[in-house]
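File shown: data-v1.txt. Contents: compact mmCIF, N, CA and C atoms.
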# COMPACT_ATOMS: atom_id res chain seq x y z
N MET A 548 142.16 79.58 45.81
CA MET A 548 142.26 78.15 45.77
C MET A 548 141.71 77.59 47.09
N ALA A 549 140.77 76.66 47.00
CA ALA A 549 140.15 76.09 48.19
C ALA A 549 141.10 75.11 48.87
N TYR A 550 141.04 75.11 50.19
CA TYR A 550 141.85 74.20 50.97
C TYR A 550 141.19 72.84 51.00
N GLU A 551 141.96 71.80 50.70
CA GLU A 551 141.47 70.43 50.80
C GLU A 551 142.19 69.75 51.94
N PRO A 552 141.45 69.33 52.99
CA PRO A 552 142.13 68.68 54.11
C PRO A 552 142.73 67.35 53.70
N ARG A 553 143.91 67.08 54.22
CA ARG A 553 144.55 65.78 54.01
C ARG A 553 143.98 64.80 55.02
N ARG A 554 144.18 63.52 54.76
CA ARG A 554 143.81 62.51 55.75
C ARG A 554 144.52 62.85 57.04
N GLY A 555 143.82 62.76 58.15
CA GLY A 555 144.44 63.05 59.43
C GLY A 555 144.10 64.44 59.94
N ASP A 556 143.48 65.30 59.09
CA ASP A 556 143.11 66.64 59.54
C ASP A 556 141.86 66.64 60.40
N ASN A 557 141.16 65.53 60.47
CA ASN A 557 139.94 65.43 61.26
C ASN A 557 140.22 64.80 62.61
N TYR A 558 140.99 65.49 63.43
CA TYR A 558 141.37 64.96 64.73
C TYR A 558 140.13 64.76 65.60
N SER A 559 140.05 63.63 66.25
CA SER A 559 138.91 63.26 67.06
C SER A 559 138.73 64.20 68.25
N PRO A 560 137.50 64.69 68.47
CA PRO A 560 137.25 65.55 69.64
C PRO A 560 137.55 64.85 70.97
N SER A 561 137.47 63.51 70.98
CA SER A 561 137.75 62.76 72.21
C SER A 561 139.25 62.70 72.49
N GLY A 562 140.07 63.04 71.50
CA GLY A 562 141.52 62.95 71.66
C GLY A 562 142.07 61.57 71.36
N ILE A 563 141.18 60.63 71.07
CA ILE A 563 141.60 59.26 70.78
C ILE A 563 141.90 59.12 69.29
N VAL A 564 143.03 58.48 68.99
CA VAL A 564 143.35 58.12 67.61
C VAL A 564 143.60 56.62 67.62
N ALA A 565 142.77 55.88 66.89
CA ALA A 565 142.90 54.42 66.85
C ALA A 565 142.19 53.90 65.61
N PHE A 566 142.77 52.87 65.00
CA PHE A 566 142.10 52.24 63.88
C PHE A 566 142.40 50.75 63.87
N THR A 567 141.47 49.99 63.33
CA THR A 567 141.66 48.58 63.01
C THR A 567 140.99 48.35 61.67
N ALA A 568 141.72 47.75 60.76
CA ALA A 568 141.18 47.43 59.44
C ALA A 568 141.66 46.04 59.04
N LYS A 569 140.83 45.36 58.26
CA LYS A 569 141.22 44.02 57.84
C LYS A 569 141.11 43.86 56.33
N LEU A 570 141.88 42.91 55.84
CA LEU A 570 141.94 42.60 54.42
C LEU A 570 140.63 41.95 53.98
N LYS A 571 140.10 42.38 52.85
CA LYS A 571 138.92 41.72 52.29
C LYS A 571 139.35 40.41 51.65
N VAL A 572 138.46 39.43 51.69
CA VAL A 572 138.74 38.12 51.10
C VAL A 572 139.17 38.27 49.64
N GLU A 573 138.47 39.12 48.89
CA GLU A 573 138.78 39.27 47.46
C GLU A 573 140.11 39.99 47.19
N ASP A 574 140.72 40.56 48.23
CA ASP A 574 142.03 41.21 48.08
C ASP A 574 143.19 40.29 48.47
N SER A 575 142.89 39.02 48.72
CA SER A 575 143.91 38.04 49.08
C SER A 575 144.90 37.84 47.93
N TYR A 576 146.11 37.41 48.29
CA TYR A 576 147.19 37.14 47.33
C TYR A 576 147.41 38.31 46.37
N PRO A 577 147.71 39.49 46.90
CA PRO A 577 147.86 40.69 46.06
C PRO A 577 148.99 40.53 45.04
N CYS A 578 148.75 41.04 43.86
CA CYS A 578 149.72 40.90 42.76
C CYS A 578 150.79 41.98 42.76
N ASP A 579 150.48 43.14 43.31
CA ASP A 579 151.39 44.28 43.24
C ASP A 579 152.16 44.47 44.54
N SER A 580 153.31 45.08 44.42
CA SER A 580 154.08 45.51 45.59
C SER A 580 153.53 46.85 46.05
N GLY A 581 153.88 47.25 47.27
CA GLY A 581 153.46 48.55 47.77
C GLY A 581 152.52 48.42 48.95
N ALA A 582 151.74 49.48 49.18
CA ALA A 582 150.84 49.52 50.33
C ALA A 582 149.73 48.49 50.19
N LEU A 583 149.56 47.69 51.23
CA LEU A 583 148.47 46.72 51.27
C LEU A 583 147.22 47.46 51.76
N LYS A 584 146.13 47.31 51.03
CA LYS A 584 144.89 48.03 51.36
C LYS A 584 143.99 47.14 52.22
N PHE A 585 143.88 47.51 53.46
CA PHE A 585 142.98 46.83 54.39
C PHE A 585 141.65 47.57 54.29
N ALA A 586 140.75 47.08 53.44
CA ALA A 586 139.57 47.86 53.04
C ALA A 586 138.38 47.76 53.99
N THR A 587 138.35 46.77 54.87
CA THR A 587 137.25 46.66 55.82
C THR A 587 137.66 47.33 57.12
N VAL A 588 137.10 48.49 57.38
CA VAL A 588 137.48 49.28 58.55
C VAL A 588 136.53 48.95 59.70
N LEU A 589 137.10 48.53 60.82
CA LEU A 589 136.31 48.21 62.01
C LEU A 589 136.23 49.42 62.94
N VAL A 590 137.33 50.15 63.07
CA VAL A 590 137.42 51.35 63.91
C VAL A 590 138.32 52.34 63.18
N ASN A 591 137.94 53.62 63.20
CA ASN A 591 138.79 54.66 62.60
C ASN A 591 138.59 55.97 63.37
N GLU A 592 138.82 55.92 64.66
CA GLU A 592 138.66 57.09 65.52
C GLU A 592 139.78 58.08 65.20
N GLY A 593 139.42 59.28 64.82
CA GLY A 593 140.40 60.28 64.42
C GLY A 593 140.53 60.38 62.92
N ALA A 594 139.91 59.44 62.19
CA ALA A 594 139.83 59.44 60.72
C ALA A 594 141.18 59.48 60.03
N GLY A 595 142.21 58.89 60.63
CA GLY A 595 143.53 58.91 60.02
C GLY A 595 143.79 57.82 59.01
N TYR A 596 143.03 56.72 59.08
CA TYR A 596 143.28 55.60 58.18
C TYR A 596 142.41 55.71 56.93
N SER A 597 143.01 55.48 55.76
CA SER A 597 142.29 55.50 54.49
C SER A 597 142.21 54.09 53.91
N PRO A 598 141.02 53.49 53.87
CA PRO A 598 140.90 52.15 53.30
C PRO A 598 141.16 52.12 51.79
N GLY A 599 141.02 53.25 51.13
CA GLY A 599 141.28 53.32 49.69
C GLY A 599 142.74 53.25 49.33
N THR A 600 143.61 53.72 50.24
CA THR A 600 145.05 53.71 49.98
C THR A 600 145.81 52.74 50.87
N GLY A 601 145.22 52.38 52.03
CA GLY A 601 145.92 51.55 53.00
C GLY A 601 146.88 52.34 53.87
N ILE A 602 146.81 53.67 53.80
CA ILE A 602 147.76 54.53 54.50
C ILE A 602 147.10 55.24 55.69
N PHE A 603 147.80 55.23 56.82
CA PHE A 603 147.42 56.01 57.99
C PHE A 603 148.18 57.32 57.94
N THR A 604 147.46 58.44 58.00
CA THR A 604 148.08 59.77 58.04
C THR A 604 147.86 60.33 59.44
N CYS A 605 148.94 60.62 60.12
CA CYS A 605 148.90 61.04 61.52
C CYS A 605 148.18 62.38 61.69
N PRO A 606 147.14 62.41 62.54
CA PRO A 606 146.41 63.66 62.77
C PRO A 606 147.03 64.54 63.86
N VAL A 607 147.84 63.94 64.74
CA VAL A 607 148.41 64.70 65.85
C VAL A 607 149.71 64.03 66.29
N ASP A 608 150.70 64.85 66.65
CA ASP A 608 152.00 64.33 67.08
C ASP A 608 151.84 63.35 68.25
N GLY A 609 152.74 62.40 68.32
CA GLY A 609 152.73 61.49 69.46
C GLY A 609 153.43 60.18 69.15
N PHE A 610 153.37 59.30 70.14
CA PHE A 610 153.87 57.95 69.97
C PHE A 610 152.68 57.05 69.63
N TYR A 611 152.88 56.20 68.64
CA TYR A 611 151.83 55.31 68.16
C TYR A 611 152.33 53.88 68.16
N HIS A 612 151.42 52.95 68.43
CA HIS A 612 151.75 51.53 68.37
C HIS A 612 150.99 50.93 67.19
N PHE A 613 151.73 50.30 66.28
CA PHE A 613 151.15 49.65 65.10
C PHE A 613 151.44 48.15 65.15
N THR A 614 150.46 47.38 64.71
CA THR A 614 150.60 45.93 64.64
C THR A 614 150.01 45.45 63.33
N VAL A 615 150.65 44.47 62.72
CA VAL A 615 150.08 43.79 61.56
C VAL A 615 150.14 42.29 61.82
N HIS A 616 149.01 41.63 61.60
CA HIS A 616 148.90 40.17 61.67
C HIS A 616 148.51 39.71 60.27
N VAL A 617 149.35 38.88 59.65
CA VAL A 617 149.05 38.40 58.31
C VAL A 617 148.89 36.89 58.30
N SER A 618 147.85 36.44 57.63
CA SER A 618 147.65 35.01 57.39
C SER A 618 148.45 34.66 56.14
N VAL A 619 149.25 33.61 56.25
CA VAL A 619 150.15 33.23 55.16
C VAL A 619 149.88 31.78 54.77
N TYR A 620 149.78 31.55 53.46
CA TYR A 620 149.66 30.20 52.92
C TYR A 620 150.70 30.07 51.82
N GLY A 621 151.92 29.75 52.19
CA GLY A 621 153.06 29.74 51.27
C GLY A 621 154.14 30.66 51.81
N ARG A 622 154.45 31.73 51.06
CA ARG A 622 155.45 32.72 51.50
C ARG A 622 154.81 34.09 51.59
N GLY A 623 155.07 34.78 52.69
CA GLY A 623 154.55 36.13 52.85
C GLY A 623 155.61 37.04 53.44
N GLN A 624 155.72 38.24 52.89
CA GLN A 624 156.67 39.23 53.42
C GLN A 624 156.02 40.59 53.40
N CYS A 625 156.18 41.32 54.51
CA CYS A 625 155.67 42.68 54.58
C CYS A 625 156.45 43.45 55.63
N ALA A 626 156.23 44.75 55.66
CA ALA A 626 156.91 45.61 56.61
C ALA A 626 156.01 46.79 56.94
N ILE A 627 156.18 47.32 58.13
CA ILE A 627 155.53 48.57 58.49
C ILE A 627 156.47 49.69 58.06
N PHE A 628 155.96 50.58 57.21
CA PHE A 628 156.74 51.70 56.68
C PHE A 628 156.27 53.02 57.29
N LYS A 629 157.21 53.92 57.49
CA LYS A 629 156.91 55.30 57.89
C LYS A 629 157.54 56.21 56.85
N ASN A 630 156.71 57.01 56.19
CA ASN A 630 157.19 57.98 55.20
C ASN A 630 158.16 57.37 54.20
N GLY A 631 157.88 56.14 53.77
CA GLY A 631 158.69 55.50 52.73
C GLY A 631 159.88 54.72 53.22
N GLU A 632 160.09 54.68 54.53
CA GLU A 632 161.22 53.94 55.11
C GLU A 632 160.72 52.78 55.95
N LYS A 633 161.37 51.63 55.80
CA LYS A 633 161.01 50.45 56.58
C LYS A 633 161.34 50.66 58.05
N VAL A 634 160.37 50.33 58.92
CA VAL A 634 160.57 50.40 60.37
C VAL A 634 160.84 48.99 60.91
N VAL A 635 159.91 48.07 60.68
CA VAL A 635 160.05 46.67 61.07
C VAL A 635 159.46 45.81 59.97
N SER A 636 159.96 44.58 59.85
CA SER A 636 159.46 43.72 58.78
C SER A 636 159.31 42.28 59.26
N LEU A 637 158.65 41.50 58.42
CA LEU A 637 158.53 40.07 58.70
C LEU A 637 158.58 39.30 57.40
N TYR A 638 159.08 38.09 57.51
CA TYR A 638 159.04 37.13 56.41
C TYR A 638 158.63 35.80 57.01
N HIS A 639 157.66 35.16 56.39
CA HIS A 639 157.19 33.89 56.92
C HIS A 639 156.95 32.93 55.75
N THR A 640 157.34 31.70 55.95
CA THR A 640 157.03 30.67 54.96
C THR A 640 156.46 29.44 55.66
N SER A 641 155.45 28.88 55.04
CA SER A 641 154.89 27.63 55.54
C SER A 641 155.23 26.49 54.57
N LEU A 642 156.25 26.72 53.75
CA LEU A 642 156.71 25.69 52.81
C LEU A 642 157.72 24.77 53.49
N PRO A 643 157.84 23.52 53.17
CA PRO A 643 157.20 22.84 52.05
C PRO A 643 155.80 22.32 52.38
N ASP A 644 155.37 22.39 53.65
CA ASP A 644 154.07 21.82 54.02
C ASP A 644 152.89 22.60 53.46
N LYS A 645 153.10 23.89 53.19
CA LYS A 645 152.08 24.80 52.68
C LYS A 645 150.78 24.68 53.46
N CYS A 646 150.86 25.11 54.70
CA CYS A 646 149.69 25.15 55.56
C CYS A 646 149.46 26.60 55.96
N SER A 647 148.30 26.91 56.43
CA SER A 647 147.96 28.27 56.83
C SER A 647 148.55 28.58 58.20
N GLN A 648 149.25 29.71 58.29
CA GLN A 648 149.82 30.17 59.57
C GLN A 648 149.70 31.69 59.65
N VAL A 649 149.88 32.23 60.85
CA VAL A 649 149.81 33.68 61.06
C VAL A 649 151.17 34.19 61.49
N ALA A 650 151.60 35.30 60.89
CA ALA A 650 152.83 35.97 61.27
C ALA A 650 152.48 37.39 61.69
N SER A 651 153.25 37.95 62.63
CA SER A 651 152.95 39.28 63.16
C SER A 651 154.23 40.07 63.38
N THR A 652 154.08 41.39 63.31
CA THR A 652 155.14 42.30 63.74
C THR A 652 154.48 43.57 64.26
N SER A 653 155.20 44.29 65.11
CA SER A 653 154.65 45.53 65.66
C SER A 653 155.78 46.46 66.05
N SER A 654 155.43 47.72 66.26
CA SER A 654 156.43 48.70 66.67
C SER A 654 155.74 49.93 67.24
N VAL A 655 156.42 50.57 68.19
CA VAL A 655 156.04 51.91 68.64
C VAL A 655 156.83 52.88 67.76
N ILE A 656 156.14 53.86 67.19
CA ILE A 656 156.76 54.81 66.27
C ILE A 656 156.39 56.22 66.69
N LYS A 657 157.38 57.10 66.75
CA LYS A 657 157.13 58.52 67.03
C LYS A 657 156.73 59.21 65.73
N LEU A 658 155.55 59.84 65.74
CA LEU A 658 155.02 60.48 64.55
C LEU A 658 154.76 61.96 64.78
N SER A 659 154.87 62.71 63.71
CA SER A 659 154.45 64.11 63.66
C SER A 659 153.23 64.19 62.76
N LYS A 660 152.46 65.25 62.93
CA LYS A 660 151.26 65.43 62.11
C LYS A 660 151.62 65.29 60.64
N ASN A 661 150.77 64.54 59.92
CA ASN A 661 150.87 64.26 58.48
C ASN A 661 151.93 63.23 58.11
N ASP A 662 152.65 62.64 59.08
CA ASP A 662 153.49 61.49 58.77
C ASP A 662 152.58 60.36 58.29
N GLU A 663 153.10 59.50 57.43
CA GLU A 663 152.31 58.41 56.88
C GLU A 663 152.90 57.05 57.25
N VAL A 664 152.02 56.12 57.61
CA VAL A 664 152.41 54.76 57.99
C VAL A 664 151.53 53.78 57.23
N TRP A 665 152.15 52.71 56.71
CA TRP A 665 151.38 51.69 56.01
C TRP A 665 152.11 50.36 56.08
N VAL A 666 151.42 49.30 55.66
CA VAL A 666 152.01 47.97 55.54
C VAL A 666 152.43 47.81 54.08
N ASN A 667 153.71 47.63 53.86
CA ASN A 667 154.26 47.48 52.51
C ASN A 667 154.48 46.00 52.23
N ILE A 668 154.07 45.56 51.05
CA ILE A 668 154.24 44.15 50.68
C ILE A 668 155.15 44.02 49.46
N TRP A 669 155.70 42.83 49.31
CA TRP A 669 156.53 42.49 48.16
C TRP A 669 155.66 41.76 47.16
N GLY A 670 156.06 41.71 45.94
CA GLY A 670 155.27 41.12 44.87
C GLY A 670 155.34 39.61 44.80
N PRO A 671 155.08 39.06 43.60
CA PRO A 671 155.01 37.61 43.40
C PRO A 671 156.19 36.86 44.02
N GLY A 672 155.86 35.70 44.59
CA GLY A 672 156.87 34.89 45.26
C GLY A 672 156.87 35.10 46.76
N ARG A 673 156.35 36.25 47.19
CA ARG A 673 156.27 36.55 48.63
C ARG A 673 154.95 37.24 48.95
N ASN A 674 153.93 36.95 48.16
CA ASN A 674 152.65 37.62 48.30
C ASN A 674 151.53 36.70 48.77
N ASP A 675 151.87 35.60 49.41
CA ASP A 675 150.87 34.60 49.80
C ASP A 675 150.15 35.00 51.09
N ILE A 676 149.68 36.23 51.13
CA ILE A 676 148.94 36.80 52.27
C ILE A 676 147.46 36.77 51.90
N PHE A 677 146.63 36.29 52.82
CA PHE A 677 145.23 36.10 52.46
C PHE A 677 144.30 36.36 53.63
N ALA A 678 143.01 36.34 53.31
CA ALA A 678 141.94 36.42 54.31
C ALA A 678 140.81 35.51 53.86
N THR A 679 140.10 34.95 54.83
CA THR A 679 138.88 34.19 54.55
C THR A 679 137.84 34.67 55.56
N GLU A 680 136.65 34.11 55.49
CA GLU A 680 135.62 34.48 56.47
C GLU A 680 136.03 34.08 57.88
N ASP A 681 136.89 33.07 58.01
CA ASP A 681 137.30 32.58 59.32
C ASP A 681 138.74 32.90 59.67
N ASN A 682 139.44 33.66 58.83
CA ASN A 682 140.87 33.88 59.02
C ASN A 682 141.21 35.29 58.54
N ASP A 683 141.51 36.19 59.46
CA ASP A 683 141.72 37.59 59.12
C ASP A 683 143.19 37.97 59.01
N THR A 684 143.44 38.96 58.18
CA THR A 684 144.72 39.68 58.11
C THR A 684 144.39 41.11 58.52
N VAL A 685 145.08 41.62 59.55
CA VAL A 685 144.64 42.84 60.23
C VAL A 685 145.78 43.83 60.42
N PHE A 686 145.47 45.12 60.29
CA PHE A 686 146.38 46.24 60.55
C PHE A 686 145.74 47.13 61.60
N THR A 687 146.47 47.41 62.67
CA THR A 687 145.95 48.19 63.79
C THR A 687 146.95 49.26 64.19
N GLY A 688 146.43 50.41 64.57
CA GLY A 688 147.27 51.49 65.09
C GLY A 688 146.53 52.24 66.18
N VAL A 689 147.27 52.70 67.19
CA VAL A 689 146.67 53.46 68.28
C VAL A 689 147.69 54.47 68.83
N ARG A 690 147.22 55.67 69.11
CA ARG A 690 148.07 56.68 69.74
C ARG A 690 148.17 56.35 71.21
N LEU A 691 149.39 56.39 71.73
CA LEU A 691 149.62 56.07 73.14
C LEU A 691 149.50 57.34 73.98
N GLY A 692 148.87 57.21 75.15
CA GLY A 692 148.77 58.31 76.10
C GLY A 692 148.17 59.50 75.50

Could I get this structure in the form of structure tokens?
Amino acid sequence: MAYEPRRGDNYSPSGIVAFTAKLKVEDSYPCDSGALKFATVLVNEGAGYSPGTGIFTCPVDGFYHFTVHVSVYGRGQCAIFKNGEKVVSLYHTSLPDKCSQVASTSSVIKLSKNDEVWVNIWGPGRNDIFATEDNDTVFTGVRLG
């Protein structure tokens, strides 16, 4: 049986692990709960982030800093999850005025190789997270030291 590497098995020769990905305009106002897929990858040093799943798979043990900035027009709720457990979360509403605003949360998380981290969203009623050409929703992670 051939070995298939998991995401995160391609550790960067430079030792740097860092990614930044943003939500595509057409993925705004997601209908489903679960991992939010930030499909436009700006940086993926260490190849740990998968734009197809929205999941970062840790390539090497360490402390990592993750940040999510979400543009909200209405109600938006999300959380940074590690291996299926909520680490930190945010809820933001711009109602009743319904104007565009940005909400953010971040955390330093201790990870072991193959741990998974993603931004988890809630479904209808709290899914007013969006992106435009002039307004980004972004997920970033970087290994510290």

Checklist entry - Of the residues A:Asn661, A:Leu570, A:Ile656, A:Gly692, which is the one nearest to A:Phe603, using all atoms listed in the file? => result A:Asn661

Checklist entry - Mind checking DSSP for chain A and telling me the strand (DSSP E or B) residues as an NGL selection string? => result :A and (565-569 or 581-582 or 587-592 or 596-597 or 602-604 or 609-629 or 632-640 or 648-658 or 663-668 or 674-677 or 679 or 682 or 685-690)

Checklist entry - So which one's closest to A:Ser651, A:Gly670, A:Pro598, A:Gly623, A:Pro577? Using only C-alpha atoms, please. => result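 The answer is A:Gly623, which sits nearest to A:Ser651.
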
Checklist entry - What's the 7 Å shell around stretch 561-563 of chain A, counting all atoms listed in the file, without same-chain residues fewer than 5 positions away, as JSON, numbers by chain? => result {"A": [592, 593, 690]}

Next on the checklist: Using all atoms listed in the file, which protein or nucleic acid residues come within 8 Å of A:Lys645? Drop anything in the same chain fewer than 5 positions from it, and give the result as a list in words.
Outcome noted: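 My list of contacting residues is Val619, Tyr620, Gly621, Arg622 and Thr640 of chain A.
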
Selected residues, N, CA and C atoms, written as a tab-separated table (two decimals), in the frame of the given file, please.
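Result written to out_31.tsv:
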chain	number	residue	atom	x	y	z
A	619	VAL	N	149.25	33.61	56.25
A	619	VAL	CA	150.15	33.23	55.16
A	619	VAL	C	149.88	31.78	54.77
A	620	TYR	N	149.78	31.55	53.46
A	620	TYR	CA	149.66	30.20	52.92
A	620	TYR	C	150.70	30.07	51.82
A	621	GLY	N	151.92	29.75	52.19
A	621	GLY	CA	153.06	29.74	51.27
A	621	GLY	C	154.14	30.66	51.81
A	622	ARG	N	154.45	31.73	51.06
A	622	ARG	CA	155.45	32.72	51.50
A	622	ARG	C	154.81	34.09	51.59
A	640	THR	N	157.34	31.70	55.95
A	640	THR	CA	157.03	30.67	54.96
A	640	THR	C	156.46	29.44	55.66

Next on the checklist: To one decimal place in Å, what is the distance between atom C of A:Thr679 and atom C of A:Val572?
Outcome noted: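 Computing the Euclidean distance for atom C of A:Thr679 and atom C of A:Val572 yields 7.1 Å.
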
Which polymer residues have any atom within 7 Å of an atom of A:Gly609, counting only C-alpha atoms, with same-chain residues fewer than 5 positions away left out, as a short mmCIF file (atom, residue, chain, number, x, y, z; two decimals) with N, CA and C atoms, in the frame of the given file?
data_model
loop_
_atom_site.label_atom_id
_atom_site.label_comp_id
_atom_site.auth_asym_id
_atom_site.auth_seq_id
_atom_site.Cartn_x
_atom_site.Cartn_y
_atom_site.Cartn_z
N LYS A 657 157.38 57.10 66.75
CA LYS A 657 157.13 58.52 67.03
C LYS A 657 156.73 59.21 65.73
N LEU A 658 155.55 59.84 65.74
CA LEU A 658 155.02 60.48 64.55
C LEU A 658 154.76 61.96 64.78
N SER A 659 154.87 62.71 63.71
CA SER A 659 154.45 64.11 63.66
C SER A 659 153.23 64.19 62.76
N ARG A 690 147.22 55.67 69.11
CA ARG A 690 148.07 56.68 69.74
C ARG A 690 148.17 56.35 71.21
#

Checklist entry - Which polymer residues have any atom within 7 Å of an atom of A:Gly581, counting all atoms listed in the file, with same-chain residues fewer than 4 positions away left out, as a VMD selection string? => result chain A and resid 666 to 670

Expected file: the selected residues, N, CA and C atoms, as a short mmCIF file (atom, residue, chain, number, x, y, z; two decimals), in the coordinates of the input:
data_model
loop_
_atom_site.label_atom_id
_atom_site.label_comp_id
_atom_site.auth_asym_id
_atom_site.auth_seq_id
_atom_site.Cartn_x
_atom_site.Cartn_y
_atom_site.Cartn_z
N VAL A 666 151.42 49.30 55.66
CA VAL A 666 152.01 47.97 55.54
C VAL A 666 152.43 47.81 54.08
N ASN A 667 153.71 47.63 53.86
CA ASN A 667 154.26 47.48 52.51
C ASN A 667 154.48 46.00 52.23
N ILE A 668 154.07 45.56 51.05
CA ILE A 668 154.24 44.15 50.68
C ILE A 668 155.15 44.02 49.46
N TRP A 669 155.70 42.83 49.31
CA TRP A 669 156.53 42.49 48.16
C TRP A 669 155.66 41.76 47.16
N GLY A 670 156.06 41.71 45.94
CA GLY A 670 155.27 41.12 44.87
C GLY A 670 155.34 39.61 44.80
#

Item to check | Point-to-point distance from atom CA of A:Val655 to atom CA of A:Ala582, Å rounded to tenths | outcome: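 Computed distance, atom CA of A:Val655 to atom CA of A:Ala582, equals 19.2 Å.
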
Checklist entry - From the list A:Asn591, A:Thr604, A:Ser641, A:Gln648, which residue is nearest A:Lys660 when using all atoms listed in the file? => result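 Closest residue, counting all atoms listed in the file: A:Thr604.
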
Determine the axis-aligned bounding box of all atoms of stretch 565-580 of chain A present in the file, pad each side by 3 Å, and express its centre and edge lengths in Å to one decimal place as AutoDock Vina command-line options.
--center_x 146.3 --center_y 46.5 --center_z 54.8 --size_x 21.6 --size_y 24.7 --size_z 30.1

Item to check | Contact residues around A:Val617 with all atoms listed in the file at 7 Å, ignoring same-chain residues under 5 positions, as a PyMOL selection string | outcome: chain A and resi 648-652+676-677+683-685

Checklist entry - Could you state the separation of atom CA of A:Ser647 and atom CA of A:His616 in Å, given to one decimal place? => result 12.9 Å

Item to check | Nearest candidate to A:His639 (options A:Ser653, A:Asn674, A:Ser580, A:Gln624; using only N, CA and C atoms) | outcome: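 Comparing A:Ser653, A:Asn674, A:Ser580, A:Gln624 against A:His639, the winner is A:Gln624.
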
Please write C-alpha atoms of stretch 647-671 of chain A, from the structure given just now, as an mmCIF file, in the first residue's frame.
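Listed below is the output, decode-v8.cif:
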data_model
loop_
_atom_site.group_PDB
_atom_site.id
_atom_site.type_symbol
_atom_site.label_atom_id
_atom_site.label_comp_id
_atom_site.auth_asym_id
_atom_site.auth_seq_id
_atom_site.Cartn_x
_atom_site.Cartn_y
_atom_site.Cartn_z
ATOM 1 C CA SER A 647 -20.666 46.541 7.069
ATOM 2 C CA GLN A 648 -18.229 46.016 9.963
ATOM 3 C CA VAL A 649 -15.194 43.845 10.732
ATOM 4 C CA ALA A 650 -14.889 41.493 13.699
ATOM 5 C CA SER A 651 -11.710 39.667 14.737
ATOM 6 C CA THR A 652 -10.422 37.043 17.126
ATOM 7 C CA SER A 653 -7.044 35.404 17.610
ATOM 8 C CA SER A 654 -5.202 32.949 19.805
ATOM 9 C CA VAL A 655 -1.832 31.333 20.402
ATOM 10 C CA ILE A 656 -2.319 27.559 20.261
ATOM 11 C CA LYS A 657 0.130 24.770 21.099
ATOM 12 C CA LEU A 658 0.071 22.217 18.278
ATOM 13 C CA SER A 659 1.568 18.820 17.588
ATOM 14 C CA LYS A 660 2.266 17.477 14.116
ATOM 15 C CA ASN A 661 -0.985 16.665 12.250
ATOM 16 C CA ASP A 662 -3.218 18.673 14.617
ATOM 17 C CA GLU A 663 -5.891 20.497 12.619
ATOM 18 C CA VAL A 664 -7.054 24.109 12.974
ATOM 19 C CA TRP A 665 -9.852 25.854 11.080
ATOM 20 C CA VAL A 666 -12.448 28.618 11.277
ATOM 21 C CA ASN A 667 -15.823 27.075 12.102
ATOM 22 C CA ILE A 668 -19.011 28.933 11.176
ATOM 23 C CA TRP A 669 -22.648 28.625 12.180
ATOM 24 C CA GLY A 670 -25.434 28.312 9.643
ATOM 25 C CA PRO A 671 -28.354 30.546 8.643
#
